[in-house]
Amino acid sequence: MLHCLSLAPCSSHVTSREVFKLNGLTVAILIKLFLGIGLTFNVLGTIALYRFPDVYTRLHGTTKCTTFGSIFTSASVVVYAISKYVTTGEPRFITFTIHVVIAIFALLITNPTGAHAIARAA
């Protein structure tokens, strides 16, 4: 149990779960923001595929944009899972968050590596 966070005397007690509980509207806005940013990057990657003149600049544009688009989309999933864990306390949401974070790190490693290998072969 934690006491009130103010300096004034307080008669009610606040649990640690209530301290870290996120407002539902804030979580929804954050999720929509991350999804919007991810969608924007993926659309920019599609435009780069058609707009740029040669294979190297097309590869550069699509790799950067799809990497960031996937990361922000995955970040929205992480925010959702953490908010569900805070409200329900079910450990499956922590497991889900760990899996998504591992997938983000895999994207950070494999997307640039794959683009480099394709560029060397072109």
# chains A, B, ... in the order shown; residues from 1 in each chain; ligands from 1
call {"tool": "residues_around", "arguments": {"residues": "Ser83 (chain A)", "least_positions_apart": "4", "cutoff": "9 Å", "atoms": "only C-alpha atoms", "output": "number ranges by chain"}}
result
A: 21-24, 27, 78-79, 87-88, 93
call {"tool": "residues_around", "arguments": {"residues": "region 95-106 of chain A", "least_positions_apart": "3", "cutoff": "10 Å", "atoms": "only C-alpha atoms", "output": "JSON, numbers by chain"}}
result
{"A": [67, 68, 70, 71, 72, 73, 74, 75, 77, 78, 79, 80, 81, 82, 85, 90, 91, 92, 109, 110, 111]}
call {"tool": "residues_around", "arguments": {"residues": "Arg58 (chain A)", "least_positions_apart": "6", "cutoff": "9 Å", "atoms": "only C-alpha atoms", "output": "number ranges by chain"}}
result
A: 45, 48-52
call {"tool": "residues_around", "arguments": {"residues": "Tyr56 (chain A)", "least_positions_apart": "4", "cutoff": "12 Å", "atoms": "only C-alpha atoms", "output": "list in words"}}
result
Ala48, Leu49, Phe52, His60, Gly61, Thr62, Thr63, Ala115, His116, Ala117, Ile118, Ala119, Arg120, Ala121 and Ala122 of chain A
call {"tool": "select_by_dssp", "arguments": {"residues": "chain A", "states": "helix (DSSP H, G or I)", "output": "PyMOL selection string"}}
result
chain A and resi 16-19+24-51+55-88+92-121
call {"tool": "closest_residue", "arguments": {"among": "A:Thr66, A:Ser76, A:Thr113, A:Leu44", "to": "Ile29 (chain A)", "atoms": "only C-alpha atoms"}}
result
A:Ser76
call {"tool": "atom_distance", "arguments": {"atom1": "CA of Leu107 (chain A)", "atom2": "CA of Ile94 (chain A)"}}
result
19.9 Å
call {"tool": "atom_distance", "arguments": {"atom1": "CA of Leu39 (chain A)", "atom2": "CA of Gly69 (chain A)"}}
result
6.2 Å
call {"tool": "atom_distance", "arguments": {"atom1": "CA of Ile47 (chain A)", "atom2": "CA of Leu108 (chain A)"}}
result
21.6 Å
